[in-house]
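**Q** Please see the structure below; I have some questions.
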Amino acid sequence: MRCLRCNADWNNGNIRPPLSHCPVCEANYTVEPSLKKYDNIAELLYELRINNSDVFNDSRRVLAYLNDYFPREENIREELKALYERGLLDTIDGFLGGKISDDDVSTFVIENTTETLKSEILKSLQMVLGVNSDSGTDFNQSDYYRGILEKLNDDCYRIKALEKATVVDDDPSLKNQLIEFKIKTGDMEDAVKDLETAAAMGDSQSLYALAVMYKDGSYYQKDLDKAQGLLKMASEKGNSSADYLLAEMLLESGENKDEAIVYLRKAADNNVKAQCRLYRELYAKNVNEAVDYLKKAAFKGYAPAMYEYSLHLLYGDDVSQDVDSAIKFLEEAALRDDKDAISKLAYIYSVGFKVNKDMNKAKIYKEKLRED
């Protein structure tokens with residue numbers, strides 16, 4: 001089923017009673033039943049059976065409901081009408097009373113339904129009559145709320161879904177997602193309160209986010225000392241983004257280059273930008289180590305590193321010359337819209353530098369530059 005207000009969807013199942021309120025926006029379907037969208041006739045029939053048994057047992061009223069909810073599926077309504085006239089209610093009563101089997105119900109439908117609609121009608125009845133086959137969506141699992149985030153039609157509903165997810169799951173990533181959405185919607189005060197609470201509990205991502213706010217002066221008054229203090233705390237928790245930003249701040253201030261290199265090395269395992277910065281900072285002292293960091297970033301698909309490393313390969317600077325590999329790195333970087341790589345390929349193919357001259361390829365890359 002689906003909520004027409006927030007677009008949350010779920011599998012109602014056929015054990016628990018159908019929802020009277022949306023699991024996300026809490027729309028009240030007992031007050032506004034039209035806000036609930038049924039995916040198929042089986043869901044509607046099941047709800048009628050559970051919540052309105054008197055309606056379910058009155059073929060004319062069932063058909064009236066079907067006409068409201070499925071006005072274009074006239075052929076299915078006609079088939080159901082025919083089944084009611086041929087004894088569907090007696091068949092259902094016999095099944096619920098244990099007098100006939102599920103196979104008997106199927107046989108009744110097969111014998112009294114046209115070929116094209118047998119499977120649809122059978123599916124509807126199996127869901128309506130079954131009591132054990134499907135337990136439905138578990139709203140006590142955070143995975144449900146994670147799974148519908150992209151389907152929801154507004155950030156306010158995404159916030160509601162994440163709030164519900166954090167109640168059933170203490171996962172820090174969910175809390176950070178919730179904070180991101182609050183910031184996105186302009187609810188900074190509430191978002192910062194959540195950040196401060198999470199940071200006080202040692203969440204590294206929250207420590208990092210608060211540090212950025214102090215560094216940029218985007219919420220708090222700008223305070224680089226506080227920013228660095230928070231970044232060091234996040235670094236101790238293993239946050240590579242904090243390592244990299246702290247190193248950048250130290251290098252920018254010129255305070256302690258050696259300390260900055262230490263943080264860059266910590267960040268380098270998970271941060272391609274840190275690898276590239278180490279390449280620049282170490283090149284004059286230890287060219288082999290510097291190029292090795294650049295190579296790692298290139299092999300991780302980071303376009304600026306791929307371009308820079310391709311030049312080493314192309315000219316044989318500090319590495320064995322390998323023109324074929326250089327071209328591959330340039331082409332991969334170009335696919336990622338790296339302008340330096342596109343420009344280099346246009347030049348290489350137009351003059352035949354280290355490769356066969358190819359004006360068609362040169363034209364393609366030149367046109368790509370103009371488009372950008």
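In the structure tokens, chains take the letters A, B, ... in the order shown, each chain's residues start at 1, and ligands count up from 1 in the order shown.
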Within 8 Å of segment 2-4 of chain A, counting only C-alpha atoms, which residues qualify if same-chain residues fewer than 2 places away don't, as a VMD selection string?
**A** chain A and resid 6 to 10 22 27 35 to 39
**Q** Residues at most 8 Å from Leu246 of chain A, counting only C-alpha atoms, excluding those fewer than 3 positions away in the same chain, as a list in words?
**A** Gln228, Leu231, Lys232, Ala242, Asp243, Met249, Leu250, Ala260 and Tyr263 of chain A
**Q** Can you work out which one of A:Val24, A:Cys276, A:Arg265, A:Thr166 has the shortest atom-to-atom distance to Lys151 of chain A, counting only C-alpha atoms?
**A**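 For Lys151 of chain A, the nearest of the candidates is A:Val24.
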**Q** By how many Å are atom CA of Tyr220 of chain A and atom CA of Glu189 of chain A apart?
**A** 11.0 Å
